[in-house]
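Novice: One file is attached below, run-v1.txt, containing compact mmCIF, N, CA and C atoms.
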# COMPACT_ATOMS: atom_id res chain seq x y z
N MET I 1 150.90 135.12 148.95
CA MET I 1 150.78 136.18 147.97
C MET I 1 150.71 135.52 146.59
N PRO I 2 149.76 135.91 145.80
CA PRO I 2 149.63 135.30 144.46
C PRO I 2 150.81 135.66 143.58
N GLN I 3 151.08 134.78 142.65
CA GLN I 3 152.20 134.98 141.75
C GLN I 3 151.90 136.13 140.81
N GLY I 4 152.87 137.01 140.64
CA GLY I 4 152.71 138.14 139.74
C GLY I 4 152.20 139.39 140.46
N ALA I 5 151.82 139.26 141.72
CA ALA I 5 151.33 140.42 142.47
C ALA I 5 152.53 141.25 142.91
N VAL I 6 152.38 142.55 142.95
CA VAL I 6 153.44 143.47 143.33
C VAL I 6 153.32 143.73 144.83
N GLN I 7 154.44 143.56 145.51
CA GLN I 7 154.44 143.80 146.95
C GLN I 7 154.68 145.28 147.20
N VAL I 8 153.84 145.87 148.01
CA VAL I 8 153.96 147.28 148.34
C VAL I 8 154.78 147.40 149.61
N LYS I 9 155.87 148.19 149.53
CA LYS I 9 156.72 148.38 150.70
C LYS I 9 156.18 149.53 151.53
N ARG I 10 155.91 149.25 152.77
CA ARG I 10 155.49 150.31 153.70
C ARG I 10 156.73 150.88 154.37
N PRO I 11 156.76 152.19 154.53
CA PRO I 11 157.91 152.76 155.24
C PRO I 11 157.85 152.40 156.72
N LEU I 12 159.03 152.18 157.31
CA LEU I 12 159.09 151.95 158.74
C LEU I 12 158.68 153.22 159.47
N ARG I 13 158.08 153.06 160.62
CA ARG I 13 157.63 154.23 161.37
C ARG I 13 158.10 154.14 162.81
N LEU I 14 158.60 155.27 163.32
CA LEU I 14 158.90 155.37 164.73
C LEU I 14 157.61 155.52 165.52
N SER I 15 156.71 156.26 164.97
CA SER I 15 155.39 156.43 165.57
C SER I 15 154.40 156.58 164.42
N ARG I 16 153.19 156.93 164.73
CA ARG I 16 152.18 157.07 163.68
C ARG I 16 152.45 158.27 162.79
N ARG I 17 153.10 159.28 163.36
CA ARG I 17 153.30 160.51 162.60
C ARG I 17 154.60 160.54 161.80
N PHE I 18 155.66 159.98 162.36
CA PHE I 18 156.99 160.19 161.79
C PHE I 18 157.54 158.90 161.18
N PRO I 19 157.60 158.81 159.85
CA PRO I 19 158.22 157.63 159.25
C PRO I 19 159.74 157.68 159.41
N VAL I 20 160.36 156.52 159.39
CA VAL I 20 161.82 156.44 159.49
C VAL I 20 162.40 156.74 158.13
N THR I 21 163.17 157.77 158.05
CA THR I 21 163.81 158.14 156.78
C THR I 21 165.25 157.63 156.79
N ARG I 22 165.89 157.72 155.64
CA ARG I 22 167.28 157.30 155.57
C ARG I 22 168.16 158.14 156.47
N LEU I 23 167.86 159.42 156.56
CA LEU I 23 168.64 160.30 157.40
C LEU I 23 168.53 159.90 158.87
N ARG I 24 167.33 159.56 159.31
CA ARG I 24 167.16 159.13 160.70
C ARG I 24 167.86 157.80 160.94
N ARG I 25 167.76 156.88 160.01
CA ARG I 25 168.46 155.61 160.17
C ARG I 25 169.95 155.82 160.30
N ARG I 26 170.49 156.70 159.45
CA ARG I 26 171.92 156.97 159.49
C ARG I 26 172.30 157.64 160.80
N PHE I 27 171.47 158.57 161.29
CA PHE I 27 171.76 159.25 162.55
C PHE I 27 171.84 158.25 163.69
N TRP I 28 170.87 157.35 163.79
CA TRP I 28 170.86 156.38 164.88
C TRP I 28 172.00 155.38 164.73
N ARG I 29 172.31 154.98 163.50
CA ARG I 29 173.42 154.06 163.30
C ARG I 29 174.73 154.70 163.72
N ASP I 30 174.96 155.97 163.34
CA ASP I 30 176.19 156.66 163.72
C ASP I 30 176.25 156.89 165.22
N ARG I 31 175.11 157.19 165.82
CA ARG I 31 175.08 157.40 167.27
C ARG I 31 175.43 156.11 167.99
N LEU I 32 174.91 155.00 167.50
CA LEU I 32 175.20 153.73 168.13
C LEU I 32 176.67 153.36 167.98
N MET I 33 177.23 153.65 166.82
CA MET I 33 178.65 153.37 166.63
C MET I 33 179.49 154.24 167.56
N PHE I 34 179.08 155.48 167.81
CA PHE I 34 179.79 156.35 168.72
C PHE I 34 179.74 155.79 170.14
N LEU I 35 178.57 155.30 170.57
CA LEU I 35 178.46 154.72 171.91
C LEU I 35 179.30 153.45 172.03
N ASP I 36 179.36 152.67 170.96
CA ASP I 36 180.23 151.49 170.98
C ASP I 36 181.68 151.90 171.20
N VAL I 37 182.10 152.95 170.53
CA VAL I 37 183.48 153.43 170.68
C VAL I 37 183.71 153.94 172.10
N VAL I 38 182.77 154.68 172.64
CA VAL I 38 182.93 155.21 174.00
C VAL I 38 183.04 154.09 175.02
N PHE I 39 182.16 153.12 174.95
CA PHE I 39 182.21 152.01 175.91
C PHE I 39 183.46 151.16 175.71
N PHE I 40 183.88 150.95 174.47
CA PHE I 40 185.10 150.17 174.22
C PHE I 40 186.32 150.90 174.78
N LEU I 41 186.44 152.20 174.53
CA LEU I 41 187.59 152.95 175.01
C LEU I 41 187.63 153.01 176.54
N ALA I 42 186.47 153.21 177.16
CA ALA I 42 186.43 153.24 178.62
C ALA I 42 186.84 151.90 179.20
N SER I 43 186.36 150.83 178.61
CA SER I 43 186.73 149.49 179.07
C SER I 43 188.21 149.22 178.85
N ALA I 44 188.74 149.63 177.72
CA ALA I 44 190.16 149.42 177.42
C ALA I 44 191.05 150.21 178.38
N VAL I 45 190.66 151.44 178.69
CA VAL I 45 191.45 152.25 179.63
C VAL I 45 191.46 151.61 181.01
N LEU I 46 190.31 151.13 181.46
CA LEU I 46 190.25 150.47 182.77
C LEU I 46 191.07 149.17 182.78
N ASP I 47 191.02 148.42 181.68
CA ASP I 47 191.83 147.20 181.59
C ASP I 47 193.32 147.51 181.63
N LEU I 48 193.74 148.50 180.86
CA LEU I 48 195.16 148.87 180.85
C LEU I 48 195.62 149.39 182.21
N LEU I 49 194.77 150.15 182.86
CA LEU I 49 195.11 150.66 184.19
C LEU I 49 195.23 149.52 185.19
N TRP I 50 194.33 148.53 185.09
CA TRP I 50 194.40 147.38 185.98
C TRP I 50 195.72 146.64 185.83
N TRP I 51 196.14 146.43 184.57
CA TRP I 51 197.41 145.75 184.33
C TRP I 51 198.60 146.60 184.75
N ALA I 52 198.50 147.91 184.58
CA ALA I 52 199.60 148.79 185.01
C ALA I 52 199.78 148.73 186.53
N VAL I 53 198.68 148.70 187.27
CA VAL I 53 198.77 148.59 188.73
C VAL I 53 199.40 147.26 189.12
N LEU I 54 198.96 146.20 188.51
CA LEU I 54 199.51 144.88 188.83
C LEU I 54 201.00 144.81 188.50
N LEU I 55 201.40 145.31 187.33
CA LEU I 55 202.82 145.30 186.96
C LEU I 55 203.64 146.20 187.87
N ALA I 56 203.09 147.33 188.29
CA ALA I 56 203.82 148.22 189.19
C ALA I 56 204.10 147.54 190.53
N VAL I 57 203.13 146.82 191.04
CA VAL I 57 203.33 146.11 192.30
C VAL I 57 204.39 145.02 192.14
N ILE I 58 204.31 144.26 191.06
CA ILE I 58 205.28 143.18 190.84
C ILE I 58 206.69 143.73 190.65
N VAL I 59 206.83 144.79 189.86
CA VAL I 59 208.15 145.38 189.63
C VAL I 59 208.72 145.95 190.91
N GLN I 60 207.91 146.62 191.71
CA GLN I 60 208.41 147.17 192.98
C GLN I 60 208.82 146.07 193.95
N LEU I 61 208.07 144.97 193.98
CA LEU I 61 208.47 143.85 194.83
C LEU I 61 209.80 143.25 194.37
N LEU I 62 209.96 143.08 193.06
CA LEU I 62 211.21 142.53 192.54
C LEU I 62 212.39 143.47 192.80
N ILE I 63 212.15 144.76 192.75
CA ILE I 63 213.22 145.73 193.06
C ILE I 63 213.55 145.67 194.54
N GLN I 64 212.55 145.59 195.40
CA GLN I 64 212.78 145.55 196.85
C GLN I 64 213.53 144.28 197.28
N PHE I 65 213.27 143.17 196.62
CA PHE I 65 213.95 141.91 196.96
C PHE I 65 215.29 141.77 196.26
N GLY I 66 215.68 142.73 195.45
CA GLY I 66 216.99 142.72 194.81
C GLY I 66 217.07 141.85 193.57
N VAL I 67 215.94 141.42 193.03
CA VAL I 67 215.96 140.62 191.81
C VAL I 67 216.24 141.51 190.61
N LEU I 68 215.65 142.69 190.61
CA LEU I 68 215.88 143.66 189.54
C LEU I 68 216.76 144.79 190.08
N ASP I 69 217.65 145.26 189.23
CA ASP I 69 218.56 146.34 189.61
C ASP I 69 218.16 147.61 188.89
N THR I 70 217.95 148.68 189.64
CA THR I 70 217.50 149.93 189.02
C THR I 70 218.63 150.64 188.29
N ARG I 71 219.86 150.16 188.40
CA ARG I 71 220.94 150.76 187.62
C ARG I 71 220.86 150.35 186.16
N ASN I 72 220.13 149.28 185.89
CA ASN I 72 219.86 148.88 184.50
C ASN I 72 218.88 149.91 183.92
N ARG I 73 219.22 150.45 182.77
CA ARG I 73 218.43 151.52 182.16
C ARG I 73 217.00 151.07 181.83
N LEU I 74 216.82 149.87 181.31
CA LEU I 74 215.50 149.36 180.95
C LEU I 74 214.63 149.18 182.20
N VAL I 75 215.21 148.61 183.24
CA VAL I 75 214.46 148.40 184.48
C VAL I 75 214.06 149.75 185.07
N TRP I 76 214.98 150.70 185.06
CA TRP I 76 214.67 152.01 185.60
C TRP I 76 213.57 152.70 184.79
N THR I 77 213.63 152.60 183.47
CA THR I 77 212.63 153.23 182.61
C THR I 77 211.25 152.64 182.83
N VAL I 78 211.17 151.31 182.89
CA VAL I 78 209.88 150.66 183.10
C VAL I 78 209.32 151.00 184.47
N SER I 79 210.17 150.93 185.50
CA SER I 79 209.68 151.22 186.85
C SER I 79 209.29 152.69 187.00
N ASP I 80 210.02 153.58 186.35
CA ASP I 80 209.66 155.00 186.41
C ASP I 80 208.34 155.27 185.70
N PHE I 81 208.13 154.63 184.54
CA PHE I 81 206.86 154.79 183.83
C PHE I 81 205.69 154.27 184.67
N LEU I 82 205.85 153.08 185.23
CA LEU I 82 204.77 152.53 186.06
C LEU I 82 204.52 153.37 187.30
N TYR I 83 205.59 153.91 187.87
CA TYR I 83 205.44 154.79 189.04
C TYR I 83 204.65 156.05 188.67
N ARG I 84 204.99 156.65 187.55
CA ARG I 84 204.30 157.87 187.13
C ARG I 84 202.83 157.63 186.77
N VAL I 85 202.51 156.44 186.27
CA VAL I 85 201.13 156.13 185.91
C VAL I 85 200.29 155.82 187.15
N THR I 86 200.88 155.07 188.09
CA THR I 86 200.08 154.58 189.22
C THR I 86 200.17 155.42 190.48
N GLU I 87 201.21 156.18 190.65
CA GLU I 87 201.39 156.92 191.91
C GLU I 87 200.30 157.96 192.18
N PRO I 88 199.76 158.67 191.17
CA PRO I 88 198.64 159.58 191.48
C PRO I 88 197.45 158.85 192.09
N LEU I 89 197.16 157.66 191.63
CA LEU I 89 196.06 156.88 192.21
C LEU I 89 196.42 156.39 193.61
N PHE I 90 197.63 155.85 193.75
CA PHE I 90 198.05 155.33 195.05
C PHE I 90 198.11 156.44 196.10
N GLY I 91 198.60 157.61 195.71
CA GLY I 91 198.72 158.72 196.66
C GLY I 91 197.37 159.16 197.21
N ARG I 92 196.37 159.23 196.35
CA ARG I 92 195.04 159.62 196.81
C ARG I 92 194.45 158.59 197.77
N ILE I 93 194.69 157.32 197.49
CA ILE I 93 194.17 156.27 198.36
C ILE I 93 194.95 156.25 199.68
N ARG I 94 196.26 156.48 199.64
CA ARG I 94 197.08 156.48 200.86
C ARG I 94 196.66 157.59 201.82
N ARG I 95 196.18 158.71 201.28
CA ARG I 95 195.72 159.80 202.15
C ARG I 95 194.47 159.40 202.94
N VAL I 96 193.66 158.53 202.36
CA VAL I 96 192.41 158.12 203.00
C VAL I 96 192.62 156.94 203.95
N LEU I 97 193.47 155.98 203.55
CA LEU I 97 193.69 154.79 204.35
C LEU I 97 194.51 155.11 205.59
N PRO I 98 194.25 154.41 206.69
CA PRO I 98 195.11 154.59 207.87
C PRO I 98 196.48 153.97 207.62
N ASN I 99 197.45 154.36 208.43
CA ASN I 99 198.82 153.88 208.27
C ASN I 99 198.92 152.47 208.85
N PHE I 100 199.33 151.51 208.02
CA PHE I 100 199.51 150.13 208.45
C PHE I 100 200.98 149.78 208.60
N GLY I 101 201.83 150.77 208.72
CA GLY I 101 203.26 150.52 208.86
C GLY I 101 203.85 150.19 207.50
N PRO I 102 204.62 149.09 207.43
CA PRO I 102 205.26 148.74 206.15
C PRO I 102 204.30 148.12 205.13
N LEU I 103 203.07 147.85 205.52
CA LEU I 103 202.11 147.21 204.62
C LEU I 103 201.34 148.29 203.85
N ASP I 104 201.41 148.22 202.53
CA ASP I 104 200.73 149.19 201.67
C ASP I 104 199.55 148.51 200.99
N LEU I 105 198.34 148.90 201.37
CA LEU I 105 197.14 148.30 200.80
C LEU I 105 196.53 149.14 199.68
N SER I 106 197.17 150.25 199.32
CA SER I 106 196.59 151.12 198.29
C SER I 106 196.48 150.44 196.92
N PRO I 107 197.44 149.58 196.49
CA PRO I 107 197.23 148.90 195.20
C PRO I 107 196.01 147.98 195.21
N LEU I 108 195.78 147.32 196.32
CA LEU I 108 194.61 146.45 196.43
C LEU I 108 193.32 147.26 196.32
N VAL I 109 193.27 148.39 196.99
CA VAL I 109 192.08 149.25 196.93
C VAL I 109 191.88 149.79 195.52
N VAL I 110 192.96 150.18 194.86
CA VAL I 110 192.86 150.70 193.49
C VAL I 110 192.36 149.60 192.54
N LEU I 111 192.86 148.38 192.71
CA LEU I 111 192.38 147.28 191.86
C LEU I 111 190.89 147.01 192.10
N LEU I 112 190.45 147.08 193.35
CA LEU I 112 189.03 146.89 193.65
C LEU I 112 188.19 148.01 193.04
N LEU I 113 188.68 149.24 193.09
CA LEU I 113 187.94 150.37 192.50
C LEU I 113 187.88 150.25 190.97
N ILE I 114 188.96 149.81 190.36
CA ILE I 114 188.95 149.63 188.90
C ILE I 114 187.95 148.54 188.51
N THR I 115 187.94 147.45 189.27
CA THR I 115 186.99 146.37 188.99
C THR I 115 185.55 146.85 189.19
N ALA I 116 185.32 147.65 190.22
CA ALA I 116 183.99 148.22 190.44
C ALA I 116 183.60 149.14 189.29
N GLY I 117 184.56 149.89 188.76
CA GLY I 117 184.30 150.75 187.61
C GLY I 117 183.94 149.95 186.37
N GLN I 118 184.60 148.82 186.18
CA GLN I 118 184.27 147.96 185.03
C GLN I 118 182.87 147.38 185.18
N ILE I 119 182.51 146.97 186.39
CA ILE I 119 181.16 146.44 186.62
C ILE I 119 180.12 147.54 186.40
N LEU I 120 180.40 148.74 186.89
CA LEU I 120 179.48 149.87 186.70
C LEU I 120 179.33 150.22 185.23
N LEU I 121 180.42 150.19 184.49
CA LEU I 121 180.37 150.47 183.05
C LEU I 121 179.50 149.45 182.32
N GLY I 122 179.66 148.18 182.68
CA GLY I 122 178.81 147.14 182.08
C GLY I 122 177.35 147.32 182.45
N ALA I 123 177.08 147.73 183.70
CA ALA I 123 175.69 147.93 184.12
C ALA I 123 175.06 149.11 183.39
N ILE I 124 175.81 150.17 183.17
CA ILE I 124 175.29 151.32 182.43
C ILE I 124 174.98 150.93 180.99
N ARG I 125 175.89 150.17 180.39
CA ARG I 125 175.66 149.73 179.01
C ARG I 125 174.42 148.84 178.91
N ASN I 126 174.27 147.92 179.87
CA ASN I 126 173.10 147.04 179.87
C ASN I 126 171.81 147.81 180.11
N SER I 127 171.85 148.81 180.98
CA SER I 127 170.63 149.59 181.22
C SER I 127 170.26 150.41 179.99
N LEU I 128 171.25 150.89 179.25
CA LEU I 128 170.96 151.59 178.00
C LEU I 128 170.39 150.64 176.97
N LEU I 129 170.91 149.41 176.95
CA LEU I 129 170.37 148.42 176.02
C LEU I 129 168.92 148.09 176.34
N ARG I 130 168.65 147.87 177.63
CA ARG I 130 167.28 147.51 178.03
C ARG I 130 166.31 148.67 177.89
N GLY I 131 166.80 149.88 178.07
CA GLY I 131 165.95 151.05 177.98
C GLY I 131 165.63 151.46 176.56
N GLY I 132 166.31 150.88 175.59
CA GLY I 132 166.04 151.18 174.21
C GLY I 132 166.80 152.37 173.67
N MET I 133 167.69 152.96 174.47
CA MET I 133 168.48 154.09 174.00
C MET I 133 169.71 153.65 173.23
N TYR I 134 170.04 152.39 173.36
CA TYR I 134 171.26 151.87 172.75
C TYR I 134 170.96 150.47 172.28
N PHE I 135 170.99 150.26 170.99
CA PHE I 135 170.60 148.96 170.42
C PHE I 135 171.79 148.08 170.25
As structure tokens, please, write out the structure in this file.

Specialist:
Amino acid sequence: MPQGAVQVKRPLRLSRRFPVTRLRRRFWRDRLMFLDVVFFLASAVLDLLWWAVLLAVIVQLLIQFGVLDTRNRLVWTVSDFLYRVTEPLFGRIRRVLPNFGPLDLSPLVVLLLITAGQILLGAIRNSLLRGGMYF
């Protein structure tokens, strides 16, 4: 470009008919930020649930082996919280699984389902990225 020449700015266009306006840019930017929040929160919830299941199993094993005493108020509070968070999931899985006697495989199944949910969430996000709906 020669020195002193004025550069003409062309407006960005989504198509031949519709130029990109500030309002449209802001709409898409806000929409993308909303999707970022949704995917982050879903991932965080699944991560926290995974850790809650793992901690519930460990705490119950320690209580069963007599390492932790439920008469201690802190131990009882933590174990009760973990029980209330994880038992709805475990109960649904126990209804479907056959009875294995003293062996409870429902935490393992729940952990596998949570991991599958995380993989599915990542796949949905990637498909939105590749499809152009989510930049």

Novice: Kindly indicate which residue among I:Leu112, I:Ile63, I:Val53, I:Leu74 lies nearest to I:Phe90, using only C-alpha atoms for the distances.

Specialist: I:Val53

Novice: Please give the centre and size of the box around stretch 45-57 of chain I (axis-aligned, containing every atom listed in the file, 8 Å added per side), with values in Å to one decimal and written as JSON.

Specialist:
{"center_x": 197.3, "center_y": 148.5, "center_z": 185.5, "size_x": 30.1, "size_y": 23.4, "size_z": 29.6}

Novice: What does the distance between atom N of I:Leu62 and atom CA of I:Val75 come to in Å, to one decimal place?

Specialist: 11.1 Å

Novice: Name the closest residue to I:Leu108 among the candidates I:Gly122, I:Arg94, I:Leu68, I:Phe81; distances are taken between atoms, counting only C-alpha atoms.

Specialist: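 Nearest candidate to I:Leu108 out of I:Gly122, I:Arg94, I:Leu68, I:Phe81: I:Arg94.
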
Novice: Have a look at atom CA of I:Pro107 and atom CA of I:Arg125 and let me know their distance in Å, one decimal.

Specialist: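 Taking atom CA of I:Pro107 as the start and atom CA of I:Arg125 as the end point, the length is 27.0 Å.
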
Novice: I'd like the interatomic distance between atom CA of I:Trp50 and atom CA of I:Ile114, to a tenth of an Å.

Specialist: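 Between atom CA of I:Trp50 and atom CA of I:Ile114 the gap works out to 6.6 Å.
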
Novice: Return the single residue from I:Val38, I:Ser106, I:Ala44, I:Thr70 that is closest to I:Gly91, with distances computed using all atoms listed in the file.

Specialist: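 Nearest candidate to I:Gly91 out of I:Val38, I:Ser106, I:Ala44, I:Thr70: I:Ser106.
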